[in-house]
>>> print(open('start-v8.csv').read())   # CSV, C-alpha atoms
chain,number,residue,atom,x,y,z
A,172,MET,CA,3.3,-6.6,4.3
A,173,ARG,CA,2.4,-3.3,2.6
A,174,ILE,CA,0.3,-2.4,-0.3
A,175,LEU,CA,0.9,-1.1,-3.9
A,176,SER,CA,-1.6,0.1,-6.5
A,177,SER,CA,-2.4,1.8,-9.7
A,178,ALA,CA,-0.4,1.8,-13.0
A,179,ARG,CA,2.5,2.1,-10.7
A,180,VAL,CA,2.1,-1.5,-9.7
A,181,GLY,CA,2.6,-2.7,-13.2
A,182,SER,CA,6.2,-1.7,-13.1
A,183,LEU,CA,6.7,-3.3,-9.7
A,184,ALA,CA,5.4,-6.5,-11.1
A,185,VAL,CA,8.2,-6.3,-13.7
A,186,LEU,CA,10.7,-5.8,-10.9
A,187,GLY,CA,9.4,-8.9,-9.2
A,188,LEU,CA,8.2,-7.0,-6.1
A,189,ALA,CA,5.1,-8.5,-4.5
A,190,ILE,CA,2.3,-7.8,-7.0
A,191,SER,CA,-0.6,-7.2,-4.6
A,192,LEU,CA,0.6,-5.7,-1.4
A,193,ILE,CA,-2.2,-4.5,0.5
A,194,VAL,CA,-1.4,-5.3,0.0
A,195,ALA,CA,-5.7,-3.5,3.4
A,196,LEU,CA,-13.5,1.9,8.8
A,197,CYS,CA,-16.8,2.7,11.4
A,198,SER,CA,-18.7,5.8,10.4
A,199,SER,CA,-18.2,9.5,9.5
A,200,GLY,CA,-21.0,11.2,11.2
A,201,SER,CA,-23.5,9.7,13.6
A,202,ALA,CA,-24.7,6.6,11.6
A,203,SER,CA,-23.7,3.2,12.8
A,204,ALA,CA,-21.2,1.3,10.7
A,205,SER,CA,-23.1,-2.0,11.3
A,206,GLY,CA,-25.1,-1.5,8.1
A,207,SER,CA,-27.9,0.5,6.6
A,208,GLY,CA,-31.6,-0.2,6.9
A,209,GLY,CA,-32.8,-3.7,7.2
A,210,SER,CA,-31.7,-5.2,3.9
A,211,THR,CA,-28.6,-7.1,3.2
A,212,TYR,CA,-26.1,-6.3,0.4
A,213,SER,CA,-23.2,-8.1,-1.3
A,214,ILE,CA,-19.5,-7.1,-1.5
A,215,MET,CA,-17.0,-8.8,-3.7
A,216,LEU,CA,-13.4,-9.4,-2.6
A,217,GLU,CA,-11.2,-9.9,-5.7
A,218,ASN,CA,-7.7,-11.4,-5.1
A,219,ILE,CA,-5.2,-13.8,-6.5
A,220,LEU,CA,-5.7,-17.0,-4.5
A,221,SER,CA,-4.3,-19.5,-7.0
A,222,GLY,CA,-2.3,-19.7,-10.2
A,223,ALA,CA,1.2,-18.9,-11.3
A,224,GLN,CA,1.7,-16.1,-8.8
A,225,VAL,CA,-0.5,-16.3,-5.7
A,226,SER,CA,-1.0,-12.9,-4.1
A,227,ALA,CA,1.1,-11.9,-1.1
A,228,THR,CA,-2.3,-11.0,0.4
A,229,ALA,CA,-3.9,-14.4,-0.2
A,230,SER,CA,-3.9,-15.3,3.5
A,231,SER,CA,-5.8,-12.1,4.4
A,232,THR,CA,-9.2,-13.3,3.5
A,233,PRO,CA,-10.2,-13.9,7.2
A,234,ALA,CA,-9.4,-10.3,8.0
A,235,PHE,CA,-12.0,-9.2,5.3
A,236,GLN,CA,-14.4,-11.8,6.6
A,237,ALA,CA,-14.0,-10.6,10.2
A,238,ALA,CA,-14.7,-7.0,9.1
A,239,PHE,CA,-18.1,-8.0,7.8
A,240,HIS,CA,-19.0,-10.6,10.3
A,241,GLY,CA,-22.2,-9.8,12.1
A,242,THR,CA,-23.2,-7.0,9.6
A,243,LYS,CA,-25.7,-6.9,6.8
A,244,ALA,CA,-22.9,-7.3,4.3
A,245,LYS,CA,-22.4,-10.6,2.5
A,246,LEU,CA,-18.8,-11.1,1.3
A,247,ILE,CA,-18.3,-12.9,-2.0
A,248,VAL,CA,-14.7,-14.0,-2.6
A,249,CYS,CA,-13.5,-14.2,-6.2
A,250,ASP,CA,-10.2,-15.7,-7.2
A,251,ASP,CA,-9.0,-14.1,-10.4
A,252,LYS,CA,-5.9,-16.2,-10.6
A,253,GLY,CA,-3.9,-13.1,-11.5
A,254,THR,CA,-5.0,-13.3,-15.2
A,255,ASP,CA,-6.9,-10.9,-17.5
A,256,ALA,CA,-9.5,-13.6,-18.1
A,257,GLY,CA,-9.9,-14.3,-14.4
A,258,ASN,CA,-10.3,-10.6,-13.7
A,259,LEU,CA,-12.9,-10.3,-16.4
A,260,LEU,CA,-14.9,-13.3,-14.9
A,261,CYS,CA,-14.8,-11.7,-11.4
A,262,GLN,CA,-15.9,-8.3,-12.7
A,263,HIS,CA,-18.8,-9.8,-14.7
A,264,GLN,CA,-19.8,-11.9,-11.7
A,265,ALA,CA,-19.9,-8.7,-9.6
A,266,VAL,CA,-22.3,-7.2,-12.2
A,267,GLN,CA,-24.5,-10.4,-12.2
A,268,ASP,CA,-24.6,-10.6,-8.4
A,269,HIS,CA,-25.4,-6.9,-8.2
A,270,VAL,CA,-22.7,-6.2,-5.6
A,271,ALA,CA,-22.6,-2.9,-3.9
A,272,ALA,CA,-18.8,-2.6,-4.2
A,273,ILE,CA,-15.6,-4.5,-5.1
A,274,LEU,CA,-12.8,-4.8,-2.7
A,275,ALA,CA,-9.6,-5.1,-4.7
A,276,ALA,CA,-6.7,-6.7,-2.8
A,277,HIS,CA,-4.5,-6.1,-5.8
A,278,GLN,CA,-4.8,-3.8,-8.8
A,279,VAL,CA,-7.3,-5.0,-11.3
A,280,ASP,CA,-8.6,-3.8,-14.7
A,281,GLU,CA,-11.6,-1.7,-13.6
A,282,THR,CA,-13.2,-1.3,-17.1
A,283,VAL,CA,-16.2,-3.5,-16.4
A,284,ALA,CA,-16.8,-2.1,-12.9
A,285,ASN,CA,-16.5,1.4,-14.4
A,286,GLN,CA,-19.1,0.7,-17.1
A,287,ALA,CA,-21.4,-0.8,-14.5
A,288,GLY,CA,-20.9,2.0,-12.0
A,289,ILE,CA,-19.6,-0.4,-9.3
A,290,PRO,CA,-17.2,1.3,-6.8
A,291,VAL,CA,-13.7,-0.3,-6.4
A,292,VAL,CA,-12.2,0.2,-3.0
A,293,GLY,CA,-8.6,-0.7,-1.9
A,294,VAL,CA,-5.8,-1.2,-4.3
A,295,THR,CA,-7.1,0.6,-7.4
A,296,ASP,CA,-5.9,2.5,-10.4
A,297,GLY,CA,-6.5,5.9,-8.8
A,298,THR,CA,-8.0,7.4,-11.9
A,299,SER,CA,-11.3,5.9,-13.0
A,300,ASN,CA,-14.6,7.4,-11.7
A,301,VAL,CA,-15.3,4.3,-9.6
A,302,SER,CA,-11.8,4.1,-8.1
A,303,PHE,CA,-11.3,4.6,-4.4
A,304,GLU,CA,-7.5,4.1,-3.8
A,305,THR,CA,-7.1,3.7,-0.1
A,306,SER,CA,-4.1,1.4,0.1
A,307,GLY,CA,-1.5,4.2,0.7
A,308,ALA,CA,0.8,2.5,-1.8
A,309,PRO,CA,1.3,5.4,-4.2
A,310,ALA,CA,2.6,7.5,-1.3
A,311,LEU,CA,5.3,5.0,-0.4
A,312,PHE,CA,7.9,6.2,-2.9
A,313,VAL,CA,7.3,9.9,-2.3
A,314,GLY,CA,7.4,9.0,1.4
A,315,MET,CA,10.9,7.8,1.0
A,316,ALA,CA,11.9,11.2,-0.3
A,317,VAL,CA,10.0,13.1,2.4
A,318,ALA,CA,11.5,11.0,5.2
A,319,LEU,CA,15.1,11.5,4.0
A,320,TYR,CA,14.6,15.2,3.3
A,321,LYS,CA,13.2,15.7,6.8
A,322,GLU,CA,16.4,14.2,8.2
A,323,GLY,CA,18.5,16.8,6.4
A,324,CYS,CA,19.5,15.0,3.3
A,325,ARG,CA,19.9,17.3,0.3
A,326,LYS,CA,22.1,15.2,-2.1
A,327,LEU,CA,20.0,12.1,-3.0
A,328,GLY,CA,21.3,8.8,-4.3
A,329,PHE,CA,18.6,6.7,-6.0
A,330,VAL,CA,19.4,3.0,-6.6
A,331,ALA,CA,16.9,0.7,-8.3
A,332,THR,CA,16.4,-2.4,-10.4
A,333,GLU,CA,16.1,-1.6,-14.1
A,334,GLY,CA,12.5,-0.7,-14.9
A,335,ALA,CA,11.9,1.5,-11.9
A,336,GLU,CA,12.2,4.8,-13.8
A,337,ILE,CA,8.8,6.0,-12.7
A,338,TYR,CA,9.8,5.7,-9.1
A,339,GLN,CA,13.0,7.7,-9.7
A,340,THR,CA,10.8,10.5,-11.2
A,341,GLN,CA,8.6,10.5,-8.1
A,342,VAL,CA,11.4,10.5,-5.6
A,343,SER,CA,13.4,13.1,-7.4
A,344,LYS,CA,10.5,15.5,-7.9
A,345,ALA,CA,9.1,15.1,-4.4
A,346,GLU,CA,11.6,17.4,-2.7
A,347,PRO,CA,13.9,20.3,-3.9
A,348,TRP,CA,17.2,18.2,-3.9
A,349,LYS,CA,20.5,19.9,-4.5
A,350,SER,CA,21.4,16.9,-6.6
A,351,VAL,CA,20.1,13.5,-7.6
A,352,THR,CA,22.5,10.7,-8.6
A,353,THR,CA,20.8,7.6,-10.1
A,354,ALA,CA,22.0,4.0,-10.7
A,355,TYR,CA,20.0,1.2,-12.1
A,356,LEU,CA,20.9,-2.4,-11.4
A,357,PRO,CA,20.4,-5.3,-13.9
A,358,ILE,CA,18.1,-7.9,-12.5
A,359,ASN,CA,20.8,-10.5,-12.3
A,360,ALA,CA,23.6,-8.1,-11.3
A,361,PRO,CA,26.3,-10.3,-9.6
A,362,ASP,CA,28.0,-7.2,-8.1
A,363,VAL,CA,26.8,-3.7,-7.3
A,364,THR,CA,30.2,-2.2,-6.2
A,365,ALA,CA,30.4,0.1,-9.2
A,366,PRO,CA,27.0,1.8,-8.7
A,367,ILE,CA,27.7,2.4,-5.1
A,368,ALA,CA,31.2,3.8,-5.9
A,369,THR,CA,29.3,6.2,-8.2
A,370,MET,CA,27.2,7.3,-5.3
A,371,LYS,CA,30.2,7.9,-3.1
A,372,SER,CA,32.0,9.9,-5.8
A,373,ALA,CA,28.9,12.1,-6.1
A,374,GLY,CA,28.9,12.8,-2.4
A,375,VAL,CA,25.3,11.6,-1.8
A,376,GLN,CA,24.0,12.1,1.7
A,377,CYS,CA,21.3,9.4,1.6
A,378,ILE,CA,20.2,6.6,-0.6
A,379,ALA,CA,16.6,5.6,-1.6
A,380,GLU,CA,16.5,2.1,-2.9
A,381,VAL,CA,13.7,0.5,-5.0
A,382,SER,CA,14.9,-3.0,-6.0
A,383,LEU,CA,14.3,-6.7,-6.0
A,384,PRO,CA,14.3,-7.9,-2.4
A,385,ALA,CA,17.5,-9.9,-2.9
A,386,GLN,CA,19.3,-6.8,-4.0
A,387,ILE,CA,18.8,-5.0,-0.7
A,388,THR,CA,21.5,-7.3,0.8
A,389,GLN,CA,23.9,-6.5,-2.1
A,390,VAL,CA,23.3,-2.7,-1.9
A,391,VAL,CA,23.6,-2.4,1.9
A,392,THR,CA,26.7,-4.6,2.0
A,393,ALA,CA,28.3,-2.5,-0.8
A,394,VAL,CA,27.4,0.7,1.0
A,395,HIS,CA,29.3,-0.5,4.1
A,396,GLN,CA,32.2,-1.8,2.1
A,397,ALA,CA,32.6,1.6,0.5
A,398,ASP,CA,32.5,3.2,4.0
A,399,LEU,CA,29.6,5.3,2.8
A,400,LYS,CA,28.0,6.4,6.0
A,401,VAL,CA,24.6,7.5,4.8
A,402,PRO,CA,21.1,6.4,5.6
A,403,VAL,CA,19.5,3.9,3.2
A,404,ILE,CA,15.7,3.8,3.0
A,405,VAL,CA,13.5,1.2,1.2
A,406,PRO,CA,9.8,0.5,0.7
A,407,GLY,CA,8.8,-1.8,3.5
A,408,ILE,CA,7.1,-4.0,1.0
A,409,ILE,CA,10.4,-5.5,-0.1
A,410,VAL,CA,11.9,-6.1,3.4
A,411,THR,CA,11.6,-9.5,4.9
A,412,PRO,CA,12.9,-11.0,8.2
A,413,GLN,CA,15.3,-13.1,6.1
A,414,ILE,CA,16.9,-10.0,4.6
A,415,ILE,CA,17.3,-8.4,8.0
A,416,SER,CA,18.8,-11.6,9.4
A,417,SER,CA,21.2,-12.1,6.5
A,418,LEU,CA,22.5,-8.5,6.9
A,419,GLY,CA,23.1,-8.8,10.6
A,420,SER,CA,24.6,-5.7,12.0
A,421,LEU,CA,24.9,-4.2,8.5
A,422,ALA,CA,21.1,-3.6,8.7
A,423,ASP,CA,21.5,-1.2,11.6
A,424,GLY,CA,20.3,2.3,10.5
A,425,MET,CA,18.4,1.0,7.5
A,426,GLN,CA,14.9,2.5,7.2
A,427,GLU,CA,11.7,1.3,5.7
A,428,VAL,CA,8.6,3.3,4.7
A,429,VAL,CA,5.2,1.8,5.1
A,430,SER,CA,1.5,2.8,4.7
A,431,SER,CA,0.1,0.5,7.4
A,432,PRO,CA,1.4,-0.1,10.9
A,433,ASP,CA,3.5,-3.0,12.0
A,434,PRO,CA,1.9,-5.1,14.7
A,435,SER,CA,5.3,-5.5,16.4
A,436,PHE,CA,4.3,-2.2,18.1
A,437,PRO,CA,0.8,-3.1,19.3
A,438,THR,CA,-1.3,0.0,19.9
A,439,ALA,CA,-4.7,-0.2,21.5
A,440,ALA,CA,-6.3,-0.1,18.0
A,441,ILE,CA,-4.1,-2.9,16.7
A,442,LYS,CA,-4.9,-5.1,19.7
A,443,THR,CA,-8.6,-4.5,19.3
A,444,VAL,CA,-8.6,-5.3,15.6
A,445,THR,CA,-6.3,-8.3,16.1
A,446,LYS,CA,-8.8,-9.7,18.7
A,447,LYS,CA,-11.7,-9.2,16.3
A,448,ILE,CA,-9.9,-11.1,13.5
A,449,LYS,CA,-8.7,-13.9,15.9
A,450,THR,CA,-12.2,-14.2,17.3
A,451,TYR,CA,-13.5,-14.9,13.8
A,452,ASP,CA,-10.6,-17.2,12.9
A,453,PRO,CA,-8.1,-18.1,15.7
A,454,LYS,CA,-5.6,-19.4,13.1
A,455,ALA,CA,-5.6,-16.2,11.0
A,456,ALA,CA,-2.4,-14.3,10.6
A,457,VAL,CA,-2.5,-10.7,11.6
A,458,GLN,CA,0.3,-8.6,10.1
A,459,GLN,CA,0.2,-5.3,8.3
A,460,THR,CA,-1.6,-6.8,5.3
A,461,GLU,CA,-4.4,-8.1,7.5
A,462,LEU,CA,-4.8,-4.9,9.5
A,463,LEU,CA,-5.2,-2.9,6.3
A,464,GLY,CA,-7.6,-5.5,4.8
A,465,TYR,CA,-9.8,-5.1,7.9
A,466,VAL,CA,-9.7,-1.3,7.3
A,467,PHE,CA,-10.9,-1.7,3.7
A,468,GLY,CA,-13.9,-3.5,5.1
A,469,GLN,CA,-14.6,-0.7,7.5
A,470,ILE,CA,-14.6,1.8,4.7
A,471,ILE,CA,-17.4,-0.1,3.0
A,472,LEU,CA,-19.4,-0.4,6.3
A,473,ASP,CA,-18.8,3.3,6.9
A,474,ALA,CA,-20.3,4.2,3.5
A,475,ALA,CA,-23.2,1.7,3.8
A,476,ALA,CA,-24.1,3.1,7.2
A,477,ASN,CA,-24.8,6.5,5.6
A,478,VAL,CA,-27.0,5.2,2.8
A,479,LYS,CA,-30.7,6.0,3.0
A,480,GLY,CA,-32.5,3.1,1.4
A,481,PRO,CA,-31.2,0.1,-0.4
A,482,VAL,CA,-27.4,-0.4,-0.4
A,483,ASN,CA,-26.4,-1.0,-4.0
A,484,ALA,CA,-23.6,0.2,-6.4
A,485,SER,CA,-25.3,3.5,-7.1
A,486,SER,CA,-26.0,4.4,-3.5
A,487,MET,CA,-22.5,3.2,-2.4
A,488,MET,CA,-20.9,5.4,-5.1
A,489,LYS,CA,-22.7,8.4,-3.8
A,490,SER,CA,-22.0,7.6,-0.1
A,491,LEU,CA,-18.3,6.8,-0.7
A,492,ASN,CA,-17.8,10.0,-2.5
A,493,HIS,CA,-19.1,11.9,0.5
A,494,LEU,CA,-17.1,10.2,3.1
A,495,ARG,CA,-15.1,12.6,5.2
A,496,ASP,CA,-12.7,11.7,8.0
A,497,ALA,CA,-13.8,8.1,7.7
A,498,ASN,CA,-13.1,6.1,10.9
A,499,THR,CA,-10.3,3.6,10.3
A,500,ASP,CA,-10.6,2.0,13.8
A,501,GLY,CA,-7.3,3.8,14.6
A,502,ILE,CA,-5.2,1.6,12.3
A,503,ILE,CA,-4.4,4.3,9.9
A,504,PRO,CA,-5.3,8.1,9.9
A,505,PRO,CA,-8.9,8.9,8.9
A,506,ILE,CA,-9.5,9.1,5.1
A,507,SER,CA,-11.6,11.7,3.2
A,508,MET,CA,-12.7,10.9,-0.3
A,509,VAL,CA,-11.7,14.3,-1.8
A,510,PRO,CA,-10.3,14.1,-5.4
A,511,ARG,CA,-6.7,15.4,-5.7
A,512,THR,CA,-5.2,17.6,-8.4
A,513,PRO,CA,-3.1,15.3,-10.6
A,514,ALA,CA,-5.2,13.8,-13.3
A,515,ASN,CA,-3.2,10.5,-13.2
A,516,ASP,CA,-3.7,10.1,-9.4
A,517,ARG,CA,-6.8,12.0,-8.6
A,518,ARG,CA,-8.7,9.2,-6.9
A,519,ASP,CA,-5.8,8.3,-4.5
A,520,PHE,CA,-7.2,9.2,-1.0
A,521,ASP,CA,-4.7,7.7,1.4
A,522,THR,CA,-1.5,9.8,1.4
A,523,ASN,CA,-0.1,8.9,4.8
A,524,ILE,CA,3.2,7.0,5.5
A,525,GLN,CA,5.4,6.3,8.4
A,526,THR,CA,8.9,5.0,8.8
A,527,TYR,CA,10.7,2.4,10.9
A,528,LYS,CA,14.4,2.1,11.6
A,529,ILE,CA,16.2,-1.2,12.0
A,530,GLU,CA,18.5,-1.5,15.0
A,531,ASN,CA,20.0,-4.7,16.4
A,532,GLY,CA,18.0,-6.7,13.9
A,533,ARG,CA,14.7,-5.3,15.0
A,534,LEU,CA,12.4,-2.5,14.0
A,535,THR,CA,12.4,0.5,16.3
A,536,ALA,CA,9.3,2.6,17.2
A,537,PRO,CA,7.6,4.2,14.2
A,538,SER,CA,8.1,7.8,13.2
A,539,GLY,CA,4.4,8.6,13.5
A,540,TRP,CA,2.1,9.3,10.5
A,541,ILE,CA,3.3,11.8,7.9
A,542,ASN,CA,0.9,13.1,5.3
A,543,VAL,CA,2.8,13.4,2.0
A,544,GLY,CA,-0.1,14.6,-0.1
A,545,THR,CA,1.5,17.9,-1.1
A,546,GLN,CA,4.7,16.2,-2.2
A,547,LEU,CA,2.7,13.5,-4.0
A,548,ASP,CA,0.9,16.1,-6.0
A,549,THR,CA,4.2,17.6,-7.1
A,550,ALA,CA,5.8,14.3,-7.9
A,551,VAL,CA,3.0,12.7,-10.0
A,552,GLY,CA,1.5,15.8,-11.4
>>> encode(input="start-v8.csv", output="structure tokens")
Amino acid sequence: MRILSSARVGSLAVLGLAISLIVALCSSGSASASGSGGSTYSIMLENILSGAQVSATASSTPAFQAAFHGTKAKLIVCDDKGTDAGNLLCQHQAVQDHVAAILAAHQVDETVANQAGIPVVGVTDGTSNVSFETSGAPALFVGMAVALYKEGCRKLGFVATEGAEIYQTQVSKAEPWKSVTTAYLPINAPDVTAPIATMKSAGVQCIAEVSLPAQITQVVTAVHQADLKVPVIVPGIIVTPQIISSLGSLADGMQEVVSSPDPSFPTAAIKTVTKKIKTYDPKAAVQQTELLGYVFGQIILDAAANVKGPVNASSMMKSLNHLRDANTDGIIPPISMVPRTPANDRRDFDTNIQTYKIENGRLTAPSGWINVGTQLDTAVG
């Protein structure tokens, strides 16, 4: 799975895309990431573990627990049930328990945390003073544009479920396209032949799709039926093995953009982190969601290791703001907490993406990490 965040996630929830896709680091400098001083401190993990819409990251709790196992950090897990009331209860509990930071596995209302000065790390709104957006999700949509443009596409086709206008803006502004042709699909569209015919008539050279998962099959099938031989790219968050299987050979050439690595290609770092999570809980799933969740924990440990004195919300805020090239255990590129230019995305610190291509029903080797920070500034500014 992959992660999404900020006000941008609200629209994805409308689309029915997984609401909390995290999704979700050692030390910058010479300090040890095992903790600071001799005192313990508490960290809250807020997620949707029950209720009407259980988070796609609900099974990732062991990855967070493994990250803190054997350290001076005590992990408090709070189930906000995906409701405003639940979020409020979790945030007030964080204040009462004097937690040093909140790990957000999905985007939450940070008002209480902001008032209390408690840093929020992970899937955040990217704007509040306590926000440390490190999920990579905001870069996904701009990353689609960057990947297609790097391949030589200049006439973009954008296909999306109704309600995805914000993503059309980001994709279209990210690169200097010669033309952008847009088509929105009704949620229950029985047929998408007409929108794809529009794409073909416009002479698009590539298609970026942000849709309901089920509509991927419709769009890709219609592209082939129209004999429109152009690459189609989608956010990896909406791709499932079932979709790839249902498309069969039609999926060949389709690309997905992600902000965390797929363990199907086990690097040394992935193997190491997988072993740590499995050692803590042999039954734990270890997919992209879990790898990134473990990274979120390392960010906290990295910051805590550089605190002189008690680890609390105040000292963690200061330490997190000074993190540079934070060690991510090699799962994703190092992160530096340097505010960016756009006022509506200034606290988004992970701007790296990579792409995978599907061939013969399987993902091929990743493209390697691409930093799309410059294009993201242009697209959301």
>>> residues_around(input="start-v8.csv", residues="Cys249 of chain A", least_positions_apart="5", cutoff="7 Å", atoms="all atoms listed in the file", output="list of chain:residue names")
A:Met215, A:Leu216, A:Glu217, A:Asn218, A:Cys261
>>> closest_residue(input="start-v8.csv", among="A:Lys446, A:Val401, A:His395, A:Val225", to="Thr364 of chain A", atoms="all atoms listed in the file")
A:His395
>>> atom_distance(input="start-v8.csv", atom1="atom CA of Ile378 of chain A", atom2="atom CA of Ala354 of chain A")
10.6 Å
>>> residues_around(input="start-v8.csv", residues="Gly468 of chain A", least_positions_apart="3", cutoff="7 Å", atoms="all atoms listed in the file", output="list in words")
Leu196, Phe235, Ala238, Phe239, Gly464, Tyr465, Ile471 and Leu472 of chain A
>>> closest_residue(input="start-v8.csv", among="A:Ile441, A:Val390, A:Ile506, A:Ala308", to="Asp473 of chain A", atoms="all atoms listed in the file")
A:Ile506
>>> residues_around(input="start-v8.csv", residues="segment 336-347 of chain A", least_positions_apart="2", cutoff="7 Å", atoms="all atoms listed in the file", output="PyMOL selection string")
chain A and resi 312-313+316-317+329+334+349+351+546-547+549-551
>>> residues_around(input="start-v8.csv", residues="Thr282 of chain A", least_positions_apart="3", cutoff="12 Å", atoms="all atoms listed in the file", output="NGL selection string")
:A and (255 or 258-259 or 261-263 or 266 or 279 or 285-291 or 295-296 or 298-302)
>>> atom_distance(input="start-v8.csv", atom1="atom CA of Gln389 of chain A", atom2="atom CA of Ala360 of chain A")
9.3 Å
>>> closest_residue(input="start-v8.csv", among="A:Glu427, A:Asp362, A:Asp521, A:Asp398", to="Ala379 of chain A", atoms="only C-alpha atoms")
A:Glu427
>>> residues_around(input="start-v8.csv", residues="Glu530 of chain A", least_positions_apart="6", cutoff="9 Å", atoms="only C-alpha atoms", output="list in words")
Ser420, Ala422, Asp423, Gly424 and Met425 of chain A
>>> write_last_selection(input="start-v8.csv", atoms="C-alpha atoms", output="CSV table (one decimal), keeping the file's coordinate frame")
chain,number,residue,atom,x,y,z
A,420,SER,CA,24.6,-5.7,12.0
A,422,ALA,CA,21.1,-3.6,8.7
A,423,ASP,CA,21.5,-1.2,11.6
A,424,GLY,CA,20.3,2.3,10.5
A,425,MET,CA,18.4,1.0,7.5
>>> atom_distance(input="start-v8.csv", atom1="atom CA of Phe303 of chain A", atom2="atom CA of Ile404 of chain A")
28.0 Å
